[in-house]
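So this block is structure.cif, mmCIF, C-alpha atoms:
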data_entry
#
loop_
_atom_site.label_atom_id
_atom_site.label_comp_id
_atom_site.auth_asym_id
_atom_site.auth_seq_id
_atom_site.Cartn_x
_atom_site.Cartn_y
_atom_site.Cartn_z
CA MET A 711 -57.11 -131.11 211.50
CA GLN A 712 -57.45 -130.66 207.76
CA ASP A 713 -59.64 -133.76 207.55
CA ASP A 714 -61.92 -132.40 210.27
CA LEU A 715 -62.20 -129.07 208.45
CA GLN A 716 -62.94 -130.78 205.14
CA ASN A 717 -65.56 -133.04 206.71
CA SER A 718 -67.23 -130.04 208.37
CA ILE A 719 -67.35 -128.06 205.12
CA ILE A 720 -68.59 -130.99 203.04
CA LYS A 721 -71.36 -131.63 205.56
CA ARG A 722 -72.50 -128.01 205.23
CA VAL A 723 -72.36 -128.20 201.43
CA ASN A 724 -74.26 -131.48 201.49
CA LYS A 725 -76.98 -130.03 203.70
CA ARG A 726 -77.38 -126.89 201.61
CA ILE A 727 -77.08 -128.21 198.06
CA ILE A 728 -77.78 -131.93 197.75
CA PRO A 729 -81.41 -132.15 199.01
CA PHE A 730 -82.42 -129.25 196.78
CA LEU A 731 -80.69 -130.66 193.71
CA MET A 732 -82.26 -134.05 194.41
CA LEU A 733 -85.67 -132.38 194.45
CA LEU A 734 -84.95 -130.63 191.15
CA TYR A 735 -83.85 -133.84 189.49
CA LEU A 736 -86.79 -135.73 190.92
CA ILE A 737 -89.17 -133.26 189.27
CA ALA A 738 -87.17 -133.26 186.04
CA TYR A 739 -87.16 -137.03 185.80
CA ILE A 740 -90.86 -137.30 186.53
CA ASP A 741 -91.67 -134.85 183.72
CA ARG A 742 -89.34 -136.67 181.34
CA SER A 743 -90.53 -140.21 182.06
CA ASN A 744 -94.17 -139.87 183.18
CA ILE A 745 -95.14 -140.60 179.60
CA SER A 746 -94.46 -144.26 180.47
CA VAL A 747 -97.40 -144.21 182.92
CA ALA A 748 -99.56 -141.93 180.78
CA ALA A 749 -99.20 -144.51 178.00
CA LEU A 750 -101.43 -146.91 179.96
CA GLN A 751 -104.37 -144.65 178.95
CA MET A 752 -102.96 -142.25 176.36
CA ASN A 753 -102.02 -144.84 173.78
CA ALA A 754 -105.65 -145.89 173.38
CA ASP A 755 -107.00 -142.32 173.34
CA LEU A 756 -104.55 -141.17 170.67
CA ALA A 757 -104.58 -144.51 168.78
CA LEU A 758 -100.85 -145.04 169.31
CA THR A 759 -99.21 -148.31 168.38
CA ALA A 760 -96.22 -149.49 170.43
CA GLU A 761 -93.94 -148.16 167.69
CA MET A 762 -95.69 -144.75 167.66
CA TYR A 763 -95.36 -144.56 171.44
CA GLY A 764 -91.67 -145.38 171.06
CA ILE A 765 -91.30 -142.49 168.61
CA ALA A 766 -93.00 -140.11 171.05
CA ALA A 767 -90.77 -141.30 173.89
CA GLY A 768 -87.62 -141.12 171.80
CA ILE A 769 -88.11 -137.85 169.91
CA PHE A 770 -87.42 -136.02 173.18
CA TYR A 771 -83.79 -137.05 172.79
CA ILE A 772 -83.33 -135.48 169.34
CA ALA A 773 -83.58 -132.03 170.87
CA TYR A 774 -81.54 -133.14 173.87
CA ILE A 775 -78.70 -134.25 171.60
CA ILE A 776 -78.75 -131.07 169.51
CA PHE A 777 -78.94 -128.53 172.32
CA GLU A 778 -77.11 -130.18 175.22
CA VAL A 779 -73.55 -128.99 174.51
CA PRO A 780 -74.56 -125.37 173.67
CA SER A 781 -76.73 -125.29 176.80
CA ASN A 782 -73.86 -126.32 179.07
CA ILE A 783 -71.50 -123.82 177.49
CA ILE A 784 -74.06 -121.05 178.09
CA LEU A 785 -74.32 -122.19 181.73
CA THR A 786 -70.60 -121.55 182.24
CA ARG A 787 -71.03 -118.06 180.77
CA VAL A 788 -74.16 -116.80 182.53
CA GLY A 789 -74.00 -118.78 185.77
CA ALA A 790 -75.68 -121.92 187.02
CA LYS A 791 -78.61 -120.46 188.92
CA LEU A 792 -79.85 -118.28 186.03
CA TRP A 793 -79.59 -121.04 183.45
CA ILE A 794 -81.01 -123.81 185.61
CA ALA A 795 -83.91 -121.53 186.57
CA ARG A 796 -84.58 -120.83 182.88
CA ILE A 797 -84.48 -124.54 182.05
CA MET A 798 -86.95 -125.46 184.77
CA VAL A 799 -89.53 -122.78 184.04
CA THR A 800 -89.61 -123.50 180.31
CA TRP A 801 -89.75 -127.26 180.68
CA GLY A 802 -92.50 -126.97 183.31
CA ILE A 803 -94.66 -124.94 180.94
CA ILE A 804 -94.16 -127.43 178.12
CA ALA A 805 -94.64 -130.48 180.36
CA ALA A 806 -97.97 -129.11 181.55
CA GLY A 807 -98.87 -128.18 177.98
CA MET A 808 -98.67 -131.83 176.94
CA SER A 809 -102.07 -132.23 178.58
CA LEU A 810 -103.57 -130.40 175.58
CA VAL A 811 -102.36 -132.67 172.76
CA GLN A 812 -105.03 -134.17 170.52
CA THR A 813 -103.06 -136.06 167.86
CA PRO A 814 -99.89 -138.17 167.65
CA THR A 815 -98.18 -135.37 165.70
CA GLN A 816 -98.92 -132.85 168.44
CA LEU A 817 -97.51 -135.31 170.98
CA TYR A 818 -94.31 -135.64 168.92
CA VAL A 819 -93.94 -131.85 168.73
CA MET A 820 -94.45 -131.35 172.46
CA ARG A 821 -91.97 -134.10 173.35
CA PHE A 822 -89.41 -132.48 171.05
CA LEU A 823 -89.98 -129.07 172.66
CA LEU A 824 -89.64 -130.67 176.10
CA GLY A 825 -86.21 -131.91 175.02
CA VAL A 826 -85.26 -128.42 173.82
CA ALA A 827 -86.31 -126.91 177.16
CA GLU A 828 -84.62 -129.49 179.37
CA ALA A 829 -81.39 -129.87 177.36
CA GLY A 830 -78.39 -129.18 179.53
CA PHE A 831 -80.07 -129.73 182.89
CA THR A 832 -78.42 -133.02 183.85
CA PRO A 833 -74.90 -132.23 182.56
CA GLY A 834 -75.27 -128.73 183.98
CA ILE A 835 -75.92 -130.12 187.45
CA ILE A 836 -73.03 -132.58 187.11
CA TYR A 837 -70.71 -129.72 186.17
CA TYR A 838 -72.13 -127.64 189.01
CA LEU A 839 -71.38 -130.38 191.54
CA SER A 840 -67.80 -130.65 190.27
CA CYS A 841 -67.41 -126.94 191.13
CA TRP A 842 -68.32 -127.61 194.76
CA TYR A 843 -66.88 -131.01 195.68
CA PRO A 844 -63.24 -132.17 195.90
CA ARG A 845 -62.50 -135.41 194.12
CA SER A 846 -62.45 -137.40 197.37
CA ASP A 847 -66.14 -136.63 197.98
CA ARG A 848 -67.44 -136.48 194.43
CA ALA A 849 -68.83 -139.98 193.89
CA ARG A 850 -70.95 -139.75 197.04
CA ALA A 851 -72.26 -136.36 195.95
CA MET A 852 -73.07 -137.71 192.50
CA SER A 853 -74.82 -140.72 194.01
CA MET A 854 -77.02 -138.53 196.21
CA PHE A 855 -77.95 -136.36 193.23
CA TYR A 856 -78.87 -139.34 191.06
CA ILE A 857 -80.88 -140.85 193.88
CA GLY A 858 -83.27 -138.02 193.00
CA ALA A 859 -83.84 -139.68 189.63
CA ALA A 860 -84.42 -143.09 191.18
CA LEU A 861 -86.74 -141.56 193.77
CA ALA A 862 -88.64 -139.97 190.90
CA SER A 863 -89.63 -143.48 189.89
CA VAL A 864 -90.13 -144.74 193.46
CA ILE A 865 -92.36 -141.79 194.31
CA GLY A 866 -93.48 -140.61 190.90
CA LEU A 867 -94.74 -143.89 189.44
CA PRO A 868 -97.29 -144.55 192.22
CA ILE A 869 -98.30 -140.86 192.23
CA SER A 870 -98.70 -140.94 188.45
CA GLY A 871 -100.72 -144.13 188.75
CA SER A 872 -102.97 -142.44 191.30
CA ILE A 873 -103.47 -139.40 189.09
CA LEU A 874 -104.64 -141.69 186.28
CA ASN A 875 -107.54 -142.55 188.58
CA MET A 876 -108.73 -138.95 188.14
CA HIS A 877 -109.95 -140.10 184.72
CA GLY A 878 -113.25 -138.42 183.96
CA PHE A 879 -112.89 -135.71 186.61
CA PHE A 880 -114.37 -132.59 184.95
CA ASP A 881 -114.64 -134.83 181.86
CA ILE A 882 -110.84 -134.78 181.47
CA ALA A 883 -108.81 -137.93 180.84
CA GLY A 884 -106.55 -139.13 183.63
CA TRP A 885 -103.40 -138.94 181.51
CA ARG A 886 -104.13 -135.27 180.78
CA TRP A 887 -104.39 -134.55 184.52
CA LEU A 888 -101.08 -136.40 184.87
CA PHE A 889 -99.17 -134.10 182.50
CA LEU A 890 -100.83 -130.94 183.85
CA LEU A 891 -100.35 -131.57 187.56
CA GLU A 892 -96.80 -132.90 187.24
CA GLY A 893 -95.64 -129.98 185.09
CA ILE A 894 -96.57 -127.22 187.56
CA PRO A 895 -93.90 -127.97 190.25
CA ALA A 896 -91.05 -127.37 187.78
CA ILE A 897 -92.29 -123.83 187.13
CA ALA A 898 -92.47 -123.02 190.84
CA LEU A 899 -89.06 -124.55 191.61
CA GLY A 900 -87.49 -122.67 188.72
CA VAL A 901 -88.29 -119.44 190.54
CA VAL A 902 -86.89 -120.82 193.80
CA VAL A 903 -83.61 -121.75 192.08
CA TRP A 904 -82.86 -118.09 191.38
CA PHE A 905 -83.05 -117.17 195.05
CA TYR A 906 -81.57 -120.34 196.56
CA LEU A 907 -78.58 -121.52 194.51
CA ASP A 908 -75.16 -119.88 194.49
CA ASP A 909 -73.06 -120.03 191.34
CA SER A 910 -69.84 -120.96 193.17
CA PRO A 911 -68.34 -121.38 196.66
CA ALA A 912 -67.01 -117.81 196.43
CA LYS A 913 -70.61 -116.53 196.59
CA ALA A 914 -71.81 -118.88 199.35
CA ARG A 915 -72.63 -116.56 202.26
CA TRP A 916 -73.83 -119.56 204.28
CA LEU A 917 -70.17 -120.62 204.56
CA SER A 918 -67.78 -118.68 206.78
CA GLU A 919 -64.97 -116.72 205.14
CA SER A 920 -62.38 -119.29 206.21
CA GLU A 921 -64.54 -122.14 204.89
CA ARG A 922 -65.01 -120.40 201.55
CA GLU A 923 -61.29 -119.79 201.23
CA TRP A 924 -60.38 -123.37 202.09
CA LEU A 925 -62.89 -124.86 199.66
CA GLN A 926 -61.86 -122.53 196.84
CA GLN A 927 -58.17 -123.30 197.41
CA LYS A 928 -58.84 -127.04 197.53
CA LEU A 929 -60.79 -127.03 194.28
CA ALA A 930 -58.30 -124.67 192.64
CA SER A 931 -55.36 -126.90 193.54
CA GLU A 932 -57.08 -129.95 192.07
CA SER A 933 -58.06 -128.01 188.98
CA SER A 934 -54.54 -126.64 188.47
CA ALA A 935 -53.21 -130.20 188.25
CA LEU A 936 -55.40 -130.66 185.18
CA GLU A 937 -54.97 -127.24 183.60
CA ASN A 938 -53.27 -126.85 180.26
CA ASN A 939 -53.41 -124.43 177.39
CA GLY A 940 -56.60 -125.96 176.05
CA SER A 941 -58.62 -126.07 179.26
CA HIS A 942 -60.62 -122.96 178.30
CA GLN A 943 -61.33 -124.07 174.72
CA TRP A 944 -64.55 -126.05 174.78
CA HIS A 945 -64.02 -127.55 171.33
CA LYS A 946 -61.03 -129.53 172.66
CA ALA A 947 -63.55 -131.99 174.07
CA LEU A 948 -64.55 -132.93 170.51
CA THR A 949 -61.06 -134.23 169.68
CA ASP A 950 -60.26 -136.02 172.93
CA LYS A 951 -60.13 -139.81 172.65
CA LYS A 952 -60.97 -140.39 176.31
CA VAL A 953 -64.13 -138.28 176.02
CA TRP A 954 -65.37 -140.40 173.10
CA LEU A 955 -64.57 -143.66 174.91
CA LEU A 956 -66.48 -142.42 177.94
CA SER A 957 -69.31 -141.44 175.62
CA ALA A 958 -69.43 -145.00 174.29
CA ILE A 959 -69.64 -146.42 177.82
CA TRP A 960 -72.45 -144.06 178.76
CA LEU A 961 -74.30 -144.82 175.52
CA LEU A 962 -74.24 -148.55 176.25
CA GLN A 963 -75.34 -147.98 179.85
CA ALA A 964 -78.18 -145.77 178.62
CA PHE A 965 -79.78 -148.73 176.82
CA GLY A 966 -80.68 -149.95 180.28
CA THR A 967 -81.70 -146.71 181.97
CA ILE A 968 -83.69 -145.45 178.98
CA GLY A 969 -84.90 -148.69 177.40
CA ILE A 970 -86.10 -150.31 180.61
CA THR A 971 -87.36 -147.16 182.33
CA LEU A 972 -89.55 -145.90 179.50
CA PHE A 973 -91.16 -149.31 178.93
CA LEU A 974 -91.17 -150.79 182.44
CA PRO A 975 -94.86 -150.08 183.25
CA LEU A 976 -95.88 -151.54 179.88
CA ILE A 977 -93.65 -154.58 180.42
CA VAL A 978 -95.08 -155.15 183.89
CA LYS A 979 -98.63 -154.60 182.63
CA GLY A 980 -98.12 -157.30 180.04
CA VAL A 981 -97.14 -159.76 182.78
CA VAL A 982 -99.85 -158.82 185.34
CA SER A 983 -102.55 -157.62 182.97
CA GLU A 984 -105.31 -158.35 185.49
CA GLN A 985 -103.92 -155.82 187.97
CA SER A 986 -104.95 -152.16 188.18
CA ASN A 987 -102.79 -149.37 186.79
CA PHE A 988 -101.91 -148.33 190.34
CA ILE A 989 -100.58 -151.81 191.20
CA VAL A 990 -98.62 -151.83 187.94
CA SER A 991 -97.10 -148.45 188.81
CA VAL A 992 -96.12 -149.67 192.30
CA LEU A 993 -94.49 -152.83 190.92
CA SER A 994 -92.66 -150.65 188.40
CA ALA A 995 -91.35 -148.43 191.20
CA VAL A 996 -89.77 -151.18 193.32
CA PRO A 997 -86.60 -151.57 191.16
CA PHE A 998 -85.80 -147.89 191.65
CA LEU A 999 -86.04 -148.16 195.42
CA PHE A 1000 -83.22 -150.69 195.27
CA ALA A 1001 -81.43 -148.45 192.77
CA CYS A 1002 -81.24 -145.74 195.46
CA ILE A 1003 -79.60 -148.17 197.88
CA PHE A 1004 -77.16 -149.58 195.32
CA MET A 1005 -76.11 -146.13 194.08
CA PHE A 1006 -75.38 -144.81 197.55
CA ALA A 1007 -73.49 -147.94 198.63
CA ASN A 1008 -71.45 -148.17 195.42
CA GLY A 1009 -70.59 -144.46 195.42
CA ARG A 1010 -69.59 -144.47 199.09
CA HIS A 1011 -67.43 -147.58 198.76
CA SER A 1012 -65.77 -146.22 195.63
CA ASP A 1013 -64.82 -142.98 197.41
CA ILE A 1014 -63.53 -144.83 200.47
CA THR A 1015 -61.39 -147.24 198.43
CA ARG A 1016 -60.50 -144.60 195.80
CA GLU A 1017 -61.26 -147.21 193.14
CA ARG A 1018 -63.38 -146.49 190.07
CA ARG A 1019 -62.65 -149.22 187.50
CA TYR A 1020 -64.39 -152.23 189.02
CA HIS A 1021 -67.11 -150.17 190.72
CA LEU A 1022 -68.11 -149.13 187.19
CA GLY A 1023 -67.46 -152.23 185.11
CA LEU A 1024 -68.57 -155.14 187.28
CA PRO A 1025 -72.11 -153.89 188.12
CA LEU A 1026 -72.83 -153.31 184.42
CA ILE A 1027 -71.60 -156.79 183.47
CA ALA A 1028 -73.63 -158.36 186.27
CA ALA A 1029 -76.72 -156.37 185.25
CA GLY A 1030 -76.51 -157.67 181.69
CA ILE A 1031 -76.12 -161.28 182.82
CA LEU A 1032 -79.01 -161.07 185.28
CA LEU A 1033 -81.26 -159.50 182.63
CA MET A 1034 -80.54 -162.43 180.31
CA LEU A 1035 -81.47 -164.83 183.10
CA ALA A 1036 -84.68 -162.89 183.77
CA ILE A 1037 -85.71 -163.14 180.13
CA SER A 1038 -85.10 -166.89 180.00
CA SER A 1039 -86.85 -167.66 183.31
CA ASP A 1040 -90.31 -169.23 183.27
CA ASN A 1041 -90.86 -168.29 186.92
CA LEU A 1042 -92.52 -164.87 186.92
CA LEU A 1043 -91.52 -164.05 190.50
CA LEU A 1044 -87.89 -164.98 189.88
CA ALA A 1045 -87.88 -163.01 186.62
CA TYR A 1046 -89.25 -159.97 188.43
CA ILE A 1047 -86.63 -160.22 191.20
CA LEU A 1048 -83.85 -160.49 188.62
CA LEU A 1049 -85.27 -157.47 186.79
CA VAL A 1050 -85.28 -155.48 190.06
CA ILE A 1051 -81.62 -156.29 190.69
CA THR A 1052 -80.74 -155.53 187.05
CA VAL A 1053 -82.19 -152.03 187.26
CA ALA A 1054 -80.48 -151.42 190.62
CA LEU A 1055 -77.05 -152.54 189.35
CA ASN A 1056 -77.41 -150.50 186.18
CA TRP A 1057 -78.14 -147.32 188.15
CA ALA A 1058 -75.40 -148.10 190.69
CA VAL A 1059 -72.66 -147.19 188.21
CA THR A 1060 -73.97 -143.66 187.59
CA PRO A 1061 -72.13 -141.80 190.39
CA ILE A 1062 -68.94 -143.74 189.66
CA PHE A 1063 -69.00 -142.83 186.00
CA TRP A 1064 -69.47 -139.10 186.56
CA ALA A 1065 -67.00 -138.97 189.42
CA ALA A 1066 -64.36 -140.61 187.23
CA THR A 1067 -65.21 -138.31 184.32
CA THR A 1068 -65.08 -135.05 186.25
CA GLU A 1069 -61.81 -136.06 187.91
CA SER A 1070 -60.10 -135.86 184.53
CA LEU A 1071 -61.65 -132.65 183.18
CA THR A 1072 -61.55 -128.99 184.12
CA GLY A 1073 -62.62 -125.57 182.88
CA VAL A 1074 -65.18 -124.92 180.17
CA VAL A 1075 -63.94 -127.99 178.34
CA ALA A 1076 -65.29 -130.04 181.26
CA ALA A 1077 -68.75 -128.56 180.79
CA ALA A 1078 -68.60 -129.26 177.05
CA ALA A 1079 -67.31 -132.80 177.52
CA ILE A 1080 -69.94 -133.68 180.14
CA ALA A 1081 -72.67 -132.40 177.84
CA LEU A 1082 -71.18 -134.24 174.85
CA ILE A 1083 -71.02 -137.52 176.76
CA ASN A 1084 -74.62 -137.13 177.91
CA ALA A 1085 -75.75 -136.14 174.40
CA VAL A 1086 -74.14 -139.22 172.84
CA ALA A 1087 -75.82 -141.40 175.46
CA ASN A 1088 -79.17 -139.91 174.52
CA ILE A 1089 -78.81 -141.47 171.08
CA ALA A 1090 -80.04 -144.58 172.86
CA GLY A 1091 -83.18 -142.67 173.80
CA LEU A 1092 -83.64 -141.53 170.22
CA ILE A 1093 -83.17 -144.90 168.54
CA PHE A 1094 -84.11 -147.59 171.02
CA PRO A 1095 -87.67 -146.74 172.16
CA PRO A 1096 -89.06 -146.77 168.57
CA LEU A 1097 -87.10 -149.97 167.93
CA MET A 1098 -88.51 -151.58 171.07
CA GLY A 1099 -92.00 -150.57 170.01
CA ARG A 1100 -91.49 -151.96 166.52
CA ILE A 1101 -90.16 -155.27 167.85
CA LYS A 1102 -93.12 -155.49 170.24
CA ASP A 1103 -95.59 -154.85 167.41
CA VAL A 1104 -94.00 -157.56 165.26
CA THR A 1105 -93.23 -160.25 167.84
CA GLY A 1106 -95.74 -159.47 170.58
CA SER A 1107 -92.95 -159.55 173.16
CA TYR A 1108 -90.19 -157.35 174.60
CA ASP A 1109 -87.76 -160.27 174.95
CA ILE A 1110 -85.60 -159.48 171.92
CA SER A 1111 -85.36 -155.83 172.92
CA LEU A 1112 -84.31 -156.76 176.45
CA MET A 1113 -81.65 -159.12 175.08
CA ILE A 1114 -80.22 -156.15 173.18
CA VAL A 1115 -80.19 -154.18 176.43
CA ALA A 1116 -78.41 -157.04 178.21
CA ALA A 1117 -75.72 -157.27 175.54
CA ALA A 1118 -75.20 -153.49 175.65
CA LEU A 1119 -74.76 -153.53 179.44
CA ILE A 1120 -72.18 -156.33 179.33
CA LEU A 1121 -70.24 -154.58 176.54
CA GLY A 1122 -70.42 -151.29 178.45
CA GLY A 1123 -69.02 -152.94 181.57
CA LEU A 1124 -66.13 -154.49 179.69
CA LEU A 1125 -65.34 -151.18 177.99
CA GLY A 1126 -65.51 -149.39 181.33
CA CYS A 1127 -62.93 -151.75 182.84
CA TYR A 1128 -60.68 -151.10 179.84
CA VAL A 1129 -61.00 -147.31 179.72
CA LEU A 1130 -60.48 -146.72 183.43
CA SER A 1131 -57.43 -148.93 183.56
CA THR A 1132 -55.44 -147.91 180.47
CA PRO A 1133 -52.20 -146.32 181.72
CA LYS A 1134 -51.63 -144.34 178.57
CA GLU A 1135 -55.07 -142.82 178.68
CA SER A 1136 -54.96 -142.30 182.43
CA ARG A 1137 -51.90 -140.07 182.09
CA GLY A 1138 -53.96 -137.66 180.06
CA THR A 1139 -54.69 -136.46 176.57
CA SER A 1140 -55.33 -133.04 175.14
CA VAL A 1141 -57.87 -132.28 177.86
CA LYS A 1142 -55.91 -133.63 180.84
CA ALA A 1143 -52.59 -132.57 182.20
CA LYS A 1144 -49.71 -134.97 182.58
CA GLY A 1145 -49.98 -136.98 185.75
CA SER A 1146 -53.78 -136.98 186.14
CA ARG A 1147 -55.55 -140.30 186.08
CA LEU A 1148 -59.03 -141.74 186.04
CA SER A 1149 -58.64 -145.01 187.90
#
Show this structure as structure tokens.
Amino acid sequence: MQDDLQNSIIKRVNKRIIPFLMLLYLIAYIDRSNISVAALQMNADLALTAEMYGIAAGIFYIAYIIFEVPSNIILTRVGAKLWIARIMVTWGIIAAGMSLVQTPTQLYVMRFLLGVAEAGFTPGIIYYLSCWYPRSDRARAMSMFYIGAALASVIGLPISGSILNMHGFFDIAGWRWLFLLEGIPAIALGVVVWFYLDDSPAKARWLSESEREWLQQKLASESSALENNGSHQWHKALTDKKVWLLSAIWLLQAFGTIGITLFLPLIVKGVVSEQSNFIVSVLSAVPFLFACIFMFANGRHSDITRERRYHLGLPLIAAGILLMLAISSDNLLLAYILLVITVALNWAVTPIFWAATTESLTGVVAAAAIALINAVANIAGLIFPPLMGRIKDVTGSYDISLMIVAAALILGGLLGCYVLSTPKESRGTSVKAKGSRLS
């Protein structure tokens, strides 16, 4: 009876929240990463070298790192719908404003401001989901949310490639149309957030009173098992060993999501240089279609089996090995197929990681820890894109950069298997209560 009630409530929550959050993340990810498609024209117009493009792509993450933790703490104070609405409206304005840049310096400034505006969005949504879903359903919820990011590439890359074909319309460059047109939806959706989202199950009038009470009691009982005297002190996250180990895993994984994603159209263009920008964008989107499938399947199987360790570690290790094989292959088709699977496996661990993380955290310290982990991971976005660009300028190839990505993924997978299986850590530290576990 309880299982039937839980399934009924989760289905209603899924229907109300997940599609909308997927849409928000789809728009957010498009605005963050559409610079990779714009670069096909923009780099020539602004006289950007590969290294300069890498700086423009990476400077976004400086602001993200600085403002992510404060942003998530504010979200817990003022409520999710107000803060997420604010984030979306401001980032939409700045994203559209990137269409006006005339110099590399202006591009750097706008990318930095975009990071300031968007900081806290992803960890804020992750924290928000943890306030709605019991642990038994969390990985599937996380997987559906992150499918929005993968769909942003599946849908957004071809759309962005099509918008580039508007080059010369009203004497405006195609990449300028790209930034302008793809920034507007965030502004509109930011307004919708205020009227559509509820801060917590207690305020969800679309649930019956009995459903609200059951969901609140379920979440409260799980949270109470993790509560301790420091659960309301956000700074406790800064001294927790498990949080820093998780940060290291997510940093290593980010070398793949950030390094490959931001350069994928340029990498593909270098291989099929005779193809149009639209074809390049479509080929660049295919890996993310498979990422959607892999994320959903991995998250669902992890929830069913209640196993996190190997669902996190093994896909990362396999992704690193396959990327090495892709780099060394002389067969372009085989290399492309291996690259597709690499991207899919790398993304497949995302819902597992955040499900495991939120299962061991509660209160405002959870919001701070989630933001800290995400901020540390964004160091990869700050450092690696300029490094990839520099290596490309010097060697004329992305092979060395991709070998670094492969090594990071393998190391991240091994560390994930260790962290999620250590009994001492699984029993809890300053953030977790005795008896809680991650694996």
Residues in the PyMOL selection byres ((chain A and resi 1008) around 10), expressed as a ChimeraX atom specification:
/A:849-850,853,1003-1007,1009-1014,1018,1021-1022,1025,1055,1057-1062
Nearest candidate to Leu839 (chain A) (options A:Leu823, A:Lys725, A:Trp885, A:Ala1065; using only C-alpha atoms):
A:Ala1065
Give me the result of the PyMOL selection byres ((chain A and resi 1027) around 8) on this file, residue by residue, as a PyMOL selection string.
chain A and resi 1023-1026+1028-1031+1119-1124
May I ask for the distance between CA of Lys979 (chain A) and CA of Ala859 (chain A), given in Å to one decimal place?
22.1 Å
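With CA of Ile1037 (chain A) on one side and CA of Ile865 (chain A) on the other, the separation reads 26.5 Å.
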